[in-house]
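Pasting final28.cif here (mmCIF, C-alpha atoms):
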data_coords
loop_
_atom_site.label_atom_id
_atom_site.label_comp_id
_atom_site.auth_asym_id
_atom_site.auth_seq_id
_atom_site.Cartn_x
_atom_site.Cartn_y
_atom_site.Cartn_z
CA VAL F 30 -32.78 -6.84 3.72
CA VAL F 31 -33.92 -4.85 6.75
CA SER F 32 -32.35 -7.11 9.38
CA THR F 33 -31.49 -10.72 10.16
CA GLN F 34 -32.56 -12.61 13.23
CA PRO F 35 -29.67 -13.55 15.56
CA GLY F 36 -28.78 -17.22 15.07
CA SER F 37 -30.76 -17.52 11.84
CA PRO F 38 -29.40 -19.19 8.69
CA ALA F 39 -29.24 -15.77 7.02
CA GLU F 40 -27.09 -14.28 9.79
CA LYS F 41 -24.83 -17.34 9.93
CA SER F 42 -24.30 -17.17 6.15
CA GLY F 43 -23.34 -13.50 6.25
CA VAL F 44 -26.51 -11.77 5.00
CA ALA F 45 -26.50 -8.23 6.40
CA SER F 46 -28.81 -5.23 6.76
CA ASN F 47 -29.22 -3.24 3.52
CA ASP F 48 -28.10 -6.13 1.31
CA ILE F 49 -30.20 -6.46 -1.86
CA LEU F 50 -31.59 -9.91 -2.65
CA LEU F 51 -31.02 -10.46 -6.40
CA GLN F 52 -31.73 -14.15 -6.88
CA ILE F 53 -33.23 -17.12 -5.00
CA ASP F 54 -31.93 -20.41 -6.36
CA ASP F 55 -32.31 -19.91 -10.13
CA ARG F 56 -35.08 -17.27 -9.91
CA SER F 57 -34.37 -13.57 -10.33
CA THR F 58 -36.17 -11.38 -7.80
CA ALA F 59 -36.83 -8.64 -10.38
CA GLY F 60 -40.56 -7.92 -10.25
CA MET F 61 -41.05 -10.50 -7.49
CA SER F 62 -43.40 -9.71 -4.61
CA LEU F 63 -42.38 -10.07 -0.97
CA TYR F 64 -44.80 -12.98 -0.60
CA GLU F 65 -43.29 -14.84 -3.60
CA ALA F 66 -39.79 -14.34 -2.19
CA ALA F 67 -40.86 -15.59 1.25
CA ALA F 68 -42.42 -18.71 -0.29
CA LEU F 69 -39.18 -19.53 -2.13
CA LEU F 70 -37.03 -18.99 0.94
CA LYS F 71 -39.14 -21.19 3.22
CA GLY F 72 -38.85 -24.96 3.19
CA GLU F 73 -38.23 -28.10 5.20
CA LYS F 74 -35.66 -28.02 8.00
CA GLY F 75 -32.27 -29.20 6.77
CA THR F 76 -32.87 -28.36 3.10
CA HIS F 77 -30.80 -25.70 1.35
CA VAL F 78 -31.53 -22.56 -0.63
CA SER F 79 -29.04 -20.45 -2.57
CA VAL F 80 -29.31 -16.66 -2.58
CA LYS F 81 -27.41 -14.04 -4.52
CA VAL F 82 -27.07 -10.69 -2.76
CA ARG F 83 -25.61 -7.32 -3.65
CA ARG F 84 -23.90 -5.79 -0.67
CA GLY F 85 -25.66 -2.67 0.57
CA ALA F 86 -22.50 -0.56 0.75
CA GLY F 87 -21.05 -1.87 -2.52
CA GLY F 88 -21.48 -1.26 -6.23
CA PRO F 89 -23.36 -3.35 -8.83
CA SER F 90 -20.49 -5.84 -9.06
CA ASP F 91 -20.17 -6.34 -5.28
CA THR F 92 -22.23 -9.53 -5.10
CA ASP F 93 -22.06 -12.82 -3.21
CA THR F 94 -23.83 -16.13 -3.68
CA LEU F 95 -24.59 -17.74 -0.33
CA ASP F 96 -25.85 -21.18 0.64
CA LEU F 97 -28.38 -21.22 3.49
CA GLU F 98 -29.46 -24.33 5.36
CA ARG F 99 -33.05 -23.92 6.47
CA SER F 100 -33.81 -24.38 10.16
CA ALA F 101 -36.67 -23.81 12.59
CA LEU F 102 -36.55 -20.38 14.23
CA LYS F 103 -37.69 -19.41 17.69
CA ARG F 104 -38.04 -15.66 18.02
CA GLN F 105 -37.54 -14.24 21.51
CA ALA F 106 -38.80 -10.68 21.37
CA VAL F 107 -37.65 -9.56 24.84
CA SER F 108 -34.84 -10.63 27.15
CA SER F 109 -33.22 -8.77 30.04
CA LYS F 110 -30.33 -8.98 32.48
CA PHE F 111 -29.14 -7.26 35.64
CA CYS F 112 -25.61 -5.91 35.10
CA ASP F 113 -23.03 -4.94 37.69
CA LEU F 114 -21.14 -2.38 35.58
CA ALA F 115 -17.90 -2.58 37.54
CA GLN F 116 -17.83 -6.33 37.08
CA ALA F 117 -18.71 -5.99 33.37
CA GLU F 118 -15.83 -3.54 32.86
CA ALA F 119 -13.24 -5.44 34.92
CA GLY F 120 -14.33 -8.99 34.09
CA ALA F 121 -14.00 -11.85 36.54
CA ASP F 122 -11.53 -9.95 38.76
CA ALA F 123 -14.20 -7.61 40.11
CA SER F 124 -16.32 -8.71 43.05
CA PRO F 125 -20.13 -8.78 42.55
CA GLY F 126 -21.99 -5.77 43.88
CA SER F 127 -18.98 -3.49 43.70
CA GLY F 128 -20.37 -0.91 41.30
CA GLN F 129 -23.33 0.82 39.71
CA ALA F 130 -26.05 -1.44 38.34
CA ALA F 131 -27.72 -1.18 34.94
CA GLY F 132 -30.53 -3.14 33.37
CA TYR F 133 -29.95 -4.49 29.85
CA ILE F 134 -33.10 -5.07 27.80
CA ARG F 135 -32.84 -6.73 24.40
CA LEU F 136 -35.84 -5.81 22.24
CA GLY F 137 -35.67 -7.92 19.08
CA SER F 138 -39.13 -7.39 17.56
CA PHE F 139 -42.63 -6.19 18.36
CA SER F 140 -45.46 -8.67 18.89
CA ASP F 141 -48.79 -8.11 20.61
CA LEU F 142 -47.27 -8.90 24.03
CA THR F 143 -43.90 -7.18 23.68
CA ASP F 144 -44.89 -4.12 25.71
CA VAL F 145 -46.18 -6.36 28.52
CA GLU F 146 -42.86 -8.21 28.56
CA VAL F 147 -40.83 -4.97 28.56
CA ARG F 148 -42.90 -3.52 31.41
CA ALA F 149 -42.36 -6.72 33.42
CA ALA F 150 -38.61 -6.55 32.74
CA VAL F 151 -38.41 -2.90 33.89
CA THR F 152 -40.39 -3.71 37.04
CA ARG F 153 -38.10 -6.62 37.89
CA LEU F 154 -34.88 -4.72 37.17
CA LYS F 155 -36.06 -1.78 39.31
CA SER F 156 -36.73 -4.14 42.20
CA GLU F 157 -33.20 -5.51 41.82
CA GLY F 158 -31.74 -2.02 42.19
CA VAL F 159 -30.71 -0.84 38.73
CA SER F 160 -30.15 2.90 38.34
CA GLU F 161 -30.22 3.06 34.51
CA TYR F 162 -31.21 1.04 31.46
CA VAL F 163 -29.73 0.05 28.13
CA MET F 164 -32.32 -1.00 25.55
CA ASP F 165 -30.79 -2.75 22.54
CA MET F 166 -32.90 -2.49 19.36
CA ARG F 167 -30.23 -3.40 16.81
CA ASN F 168 -31.62 -5.53 13.96
CA ASN F 169 -35.17 -5.00 15.21
CA GLY F 170 -37.14 -4.88 11.96
CA GLY F 171 -40.37 -3.80 13.65
CA GLY F 172 -43.69 -5.58 13.96
CA SER F 173 -46.76 -4.40 15.87
CA PHE F 174 -47.02 -0.60 15.69
CA GLU F 175 -49.33 -0.51 18.73
CA SER F 176 -46.82 -2.49 20.76
CA GLY F 177 -44.04 -0.07 19.82
CA VAL F 178 -46.18 2.85 20.98
CA ASN F 179 -46.97 1.08 24.25
CA VAL F 180 -43.28 0.44 24.94
CA ALA F 181 -42.71 4.19 24.58
CA ARG F 182 -45.45 4.72 27.18
CA ILE F 183 -43.44 2.61 29.64
CA PHE F 184 -40.75 5.31 29.67
CA ILE F 185 -42.68 8.51 28.78
CA ASN F 186 -45.48 9.98 30.88
CA GLU F 187 -46.59 12.81 28.63
CA GLY F 188 -46.05 14.22 25.16
CA ILE F 189 -46.45 13.06 21.58
CA ILE F 190 -45.05 9.64 20.69
CA VAL F 191 -45.54 9.71 16.92
CA ASN F 192 -47.19 11.80 14.24
CA ILE F 193 -49.07 10.22 11.34
CA ALA F 194 -48.99 12.43 8.26
CA ASP F 195 -50.62 12.16 4.83
CA SER F 196 -49.70 14.17 1.74
CA LYS F 197 -51.50 17.22 3.16
CA GLY F 198 -49.60 17.28 6.44
CA ILE F 199 -50.26 16.09 9.97
CA LYS F 200 -53.29 13.84 10.02
CA ASP F 201 -53.16 12.36 13.49
CA TYR F 202 -50.87 11.88 16.46
CA VAL F 203 -50.44 9.41 19.31
CA GLU F 204 -49.69 10.57 22.86
CA ALA F 205 -48.38 9.14 26.11
CA LYS F 206 -50.96 8.24 28.75
CA ASN F 207 -49.26 9.18 32.04
CA ALA F 208 -48.73 5.49 32.77
CA ALA F 209 -44.93 5.14 32.66
CA GLU F 210 -43.24 2.44 34.70
CA ASP F 211 -40.05 4.52 34.88
CA ALA F 212 -39.98 8.01 33.38
CA GLU F 213 -36.88 9.18 35.25
CA SER F 214 -34.00 6.70 35.23
CA PRO F 215 -31.36 7.31 32.52
CA LEU F 216 -32.03 5.33 29.36
CA THR F 217 -29.61 4.53 26.53
CA VAL F 218 -31.00 3.02 23.33
CA VAL F 219 -28.75 1.12 20.89
CA VAL F 220 -29.74 1.18 17.19
CA ASN F 221 -28.26 0.33 13.80
CA GLY F 222 -29.17 0.01 10.13
CA GLY F 223 -31.39 -2.96 10.92
CA THR F 224 -33.57 -0.92 13.31
CA ALA F 225 -36.76 -0.25 11.34
CA SER F 226 -40.46 0.57 11.33
CA ALA F 227 -42.03 0.29 14.82
CA ALA F 228 -38.54 0.25 16.34
CA GLU F 229 -37.83 3.59 14.65
CA VAL F 230 -41.11 5.00 15.94
CA LEU F 231 -40.00 4.08 19.47
CA ALA F 232 -36.47 5.41 18.97
CA GLY F 233 -37.78 8.69 17.56
CA ALA F 234 -40.23 9.11 20.43
CA LEU F 235 -37.55 8.57 23.07
CA LYS F 236 -35.06 10.85 21.31
CA ASP F 237 -37.38 13.78 20.53
CA ASN F 238 -38.88 13.73 24.02
CA LYS F 239 -35.32 13.82 25.40
CA ARG F 240 -36.09 10.67 27.34
CA ALA F 241 -33.16 8.64 26.01
CA THR F 242 -29.78 8.94 24.33
CA LEU F 243 -29.49 7.00 21.08
CA VAL F 244 -26.17 5.24 20.46
CA GLY F 245 -25.00 3.33 17.39
CA GLU F 246 -25.66 3.76 13.68
CA LYS F 247 -28.36 5.47 11.61
CA THR F 248 -31.58 3.46 11.46
CA PHE F 249 -33.06 1.88 8.33
CA GLY F 250 -35.73 4.44 7.38
CA LYS F 251 -38.98 2.50 7.04
CA GLY F 252 -41.89 4.75 7.90
CA LEU F 253 -44.73 4.22 5.42
CA ILE F 254 -48.27 3.15 6.27
CA GLN F 255 -49.63 0.99 3.47
CA THR F 256 -52.94 -0.65 2.65
CA LEU F 257 -53.41 -3.65 0.36
CA VAL F 258 -55.83 -3.00 -2.51
CA PRO F 259 -57.14 -6.23 -4.12
CA LEU F 260 -57.18 -6.46 -7.94
CA SER F 261 -59.65 -8.32 -10.18
CA ASP F 262 -57.15 -11.09 -11.01
CA GLY F 263 -56.78 -12.02 -7.35
CA SER F 264 -53.51 -10.18 -6.82
CA GLY F 265 -53.11 -6.97 -4.88
CA VAL F 266 -51.13 -3.79 -4.77
CA ALA F 267 -49.75 -2.05 -1.68
CA VAL F 268 -50.67 1.64 -1.66
CA SER F 269 -48.95 4.10 0.67
CA VAL F 270 -51.56 6.19 2.46
CA ALA F 271 -49.53 7.95 5.16
CA LYS F 272 -46.15 8.07 6.85
CA TYR F 273 -44.75 8.16 10.34
CA GLN F 274 -43.02 11.25 11.69
CA THR F 275 -41.20 11.67 14.98
CA PRO F 276 -42.68 14.03 17.59
CA ASN F 277 -40.55 16.84 16.07
CA GLU F 278 -42.21 16.11 12.68
CA ILE F 279 -39.10 14.52 11.17
CA ASP F 280 -39.88 11.99 8.43
CA ILE F 281 -38.63 8.49 9.14
CA ASN F 282 -39.14 6.93 5.71
CA LYS F 283 -35.97 6.54 3.62
CA LYS F 284 -34.16 8.91 5.99
CA GLY F 285 -33.86 6.98 9.21
CA ILE F 286 -32.95 8.40 12.60
CA MET F 287 -29.42 9.55 13.39
CA PRO F 288 -28.21 8.57 16.88
CA ASP F 289 -26.97 11.17 19.35
CA ARG F 290 -23.68 9.23 19.59
CA VAL F 291 -22.67 7.63 16.28
CA THR F 292 -20.47 4.55 16.56
CA ALA F 293 -20.09 1.09 15.06
CA ASP F 294 -17.69 0.07 17.82
CA LEU F 295 -20.02 -1.94 20.04
CA PRO F 296 -20.03 -5.64 20.97
CA SER F 297 -22.19 -7.81 18.71
CA LEU F 298 -25.56 -9.16 19.80
CA ALA F 299 -23.94 -12.56 20.29
CA GLU F 300 -21.68 -11.24 23.05
CA ASP F 301 -22.35 -10.85 26.77
CA PRO F 302 -25.30 -8.49 27.40
CA CYS F 303 -23.49 -6.74 30.24
CA ALA F 304 -20.46 -6.08 28.03
CA ILE F 305 -22.86 -4.50 25.51
CA ALA F 306 -24.44 -2.39 28.25
CA ALA F 307 -21.08 -1.19 29.55
CA ALA F 308 -19.88 -0.28 26.04
CA ALA F 309 -23.09 1.58 25.21
CA LEU F 310 -22.96 3.56 28.43
CA ARG F 311 -19.34 4.56 27.79
CA GLN F 312 -20.54 6.12 24.52
CA ASP F 313 -23.27 7.98 26.42
CA LYS F 314 -20.90 9.73 28.83
#
Structure rendered as structure tokens:
Amino acid sequence: VVSTQPGSPAEKSGVASNDILLQIDDRSTAGMSLYEAAALLKGEKGTHVSVKVRRGAGGPSDTDTLDLERSALKRQAVSSKFCDLAQAEAGADASPGSGQAAGYIRLGSFSDLTDVEVRAAVTRLKSEGVSEYVMDMRNNGGGSFESGVNVARIFINEGIIVNIADSKGIKDYVEAKNAAEDAESPLTVVVNGGTASAAEVLAGALKDNKRATLVGEKTFGKGLIQTLVPLSDGSGVAVSVAKYQTPNEIDINKKGIMPDRVTADLPSLAEDPCAIAAAALRQDK
């Protein structure tokens, strides 16, 4: 399990990042493809599916069997909020407008329009007077690589965003395009073990270019580029052809990215966005 979507049946049932899915109903997942597993997990709203998981931090005997009630999911990739930090720290007792303002941006996944939505959020928050940003990428399992690169370009004007390396070394690289919406305001990025793939590309770009401080837990470590090769029986096999490296040529795959400030002591994604922003910024001081 890379990550669970907030509010999903998996999250509500206690499935967590790095758990290993051992069984779906009465079917073992040994030798099962991702597509077969997805087909077994999907079903009509209101129906149930049982899953057996081995906890990521536990041993072979640390397993749980969980009952999930299927439901329709609506994925919101980007949300944002203006935060009066003094009010967030002091609660209802503080008067609005009494302190420094920060913009909280929740980035839950990468679709084709995610970068457009993030740029619009930054533009709006700037117009409202924020002086810094907190971008929360916890449990962001990735998505569109191009969108992840374009989000980096919102905050970085120049420099390498990601290297693409094959077995012989650096094969290609992607650069910024001098088109940042805000390349100066302080930026804090929150990550955890569910931050993966395109989200790690973005985190690595911001960290290595010294554009942001990363706060939270080590990321998942998913940095392979694969192609699907069809076989004669109609099946296919995924072949790894390259891997992503950060601008400083650090491999992402199976290693992840270590934050500048390591902590698990942050409010959950279900809590108030401004409380999350305030807690993340305290770690960044």
Note to self: Give me, as a PyMOL selection string, all polymer residues having an atom no more than 12 Å from F:Val219, counting all atoms listed in the file and skipping those fewer than 4 positions away in the same chain.
What the structure shows: chain F and resi 133-137+162-169+223-224+228-229+231-232+235-236+241-248+286-298+305-310+312-313
Notebook entry, point to check: Quick one, how far is atom CA of F:Glu175 from atom CA of F:Ser62?
Noted result: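 We find that atom CA of F:Glu175 and atom CA of F:Ser62 lie 25.8 Å from each other.
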Mind checking which residues fall within 10 Å of F:Ser32, counting only C-alpha atoms, ignoring those fewer than 5 positions away in the same chain, and posting them as a PDB file with C-alpha atoms, in the coordinates of the input?
ATOM      1  CA  ALA F  39     -29.240 -15.770   7.020  1.00  0.00           C
ATOM      2  CA  GLU F  40     -27.090 -14.280   9.790  1.00  0.00           C
ATOM      3  CA  VAL F  44     -26.510 -11.770   5.000  1.00  0.00           C
ATOM      4  CA  ALA F  45     -26.500  -8.230   6.400  1.00  0.00           C
ATOM      5  CA  SER F  46     -28.810  -5.230   6.760  1.00  0.00           C
ATOM      6  CA  ASN F  47     -29.220  -3.240   3.520  1.00  0.00           C
ATOM      7  CA  ASP F  48     -28.100  -6.130   1.310  1.00  0.00           C
ATOM      8  CA  ARG F 167     -30.230  -3.400  16.810  1.00  0.00           C
ATOM      9  CA  ASN F 168     -31.620  -5.530  13.960  1.00  0.00           C
ATOM     10  CA  ASN F 169     -35.170  -5.000  15.210  1.00  0.00           C
ATOM     11  CA  GLY F 170     -37.140  -4.880  11.960  1.00  0.00           C
ATOM     12  CA  GLY F 171     -40.370  -3.800  13.650  1.00  0.00           C
ATOM     13  CA  ASN F 221     -28.260   0.330  13.800  1.00  0.00           C
ATOM     14  CA  GLY F 222     -29.170   0.010  10.130  1.00  0.00           C
ATOM     15  CA  GLY F 223     -31.390  -2.960  10.920  1.00  0.00           C
ATOM     16  CA  THR F 224     -33.570  -0.920  13.310  1.00  0.00           C
ATOM     17  CA  ALA F 225     -36.760  -0.250  11.340  1.00  0.00           C
ATOM     18  CA  PHE F 249     -33.060   1.880   8.330  1.00  0.00           C
TER      19      PHE F 249
END
Counting only C-alpha atoms, which residues of stretch 145-166 of chain F sit at most 7 Å from some atom of stretch 200-215 of chain F, and what is each one's closest atom pair with its distance in Å to one decimal, listed by chain and rising residue number, as a Markdown table?
| residue | atom | partner | partner_atom | distance |
| --- | --- | --- | --- | --- |
| F:Arg148 | CA | F:Glu210 | CA | 6.8 |
| F:Ser160 | CA | F:Ser214 | CA | 6.2 |
| F:Glu161 | CA | F:Pro215 | CA | 4.8 |
| F:Tyr162 | CA | F:Pro215 | CA | 6.4 |
Next item on the list: Check what the PyMOL selection byres ((chain F and resi 181) around 8) selects in the file above and give those residues as JSON, numbers by chain.
Entry: {"F": [177, 178, 179, 180, 182, 183, 184, 185, 190, 205, 231, 234, 235]}
Next item on the list: Check which residues satisfy the PyMOL selection byres ((chain F and resi 172) around 8) in the file shown, then give them as a ChimeraX atom specification.
Entry: /F:138-140,170-171,173-174,226-227
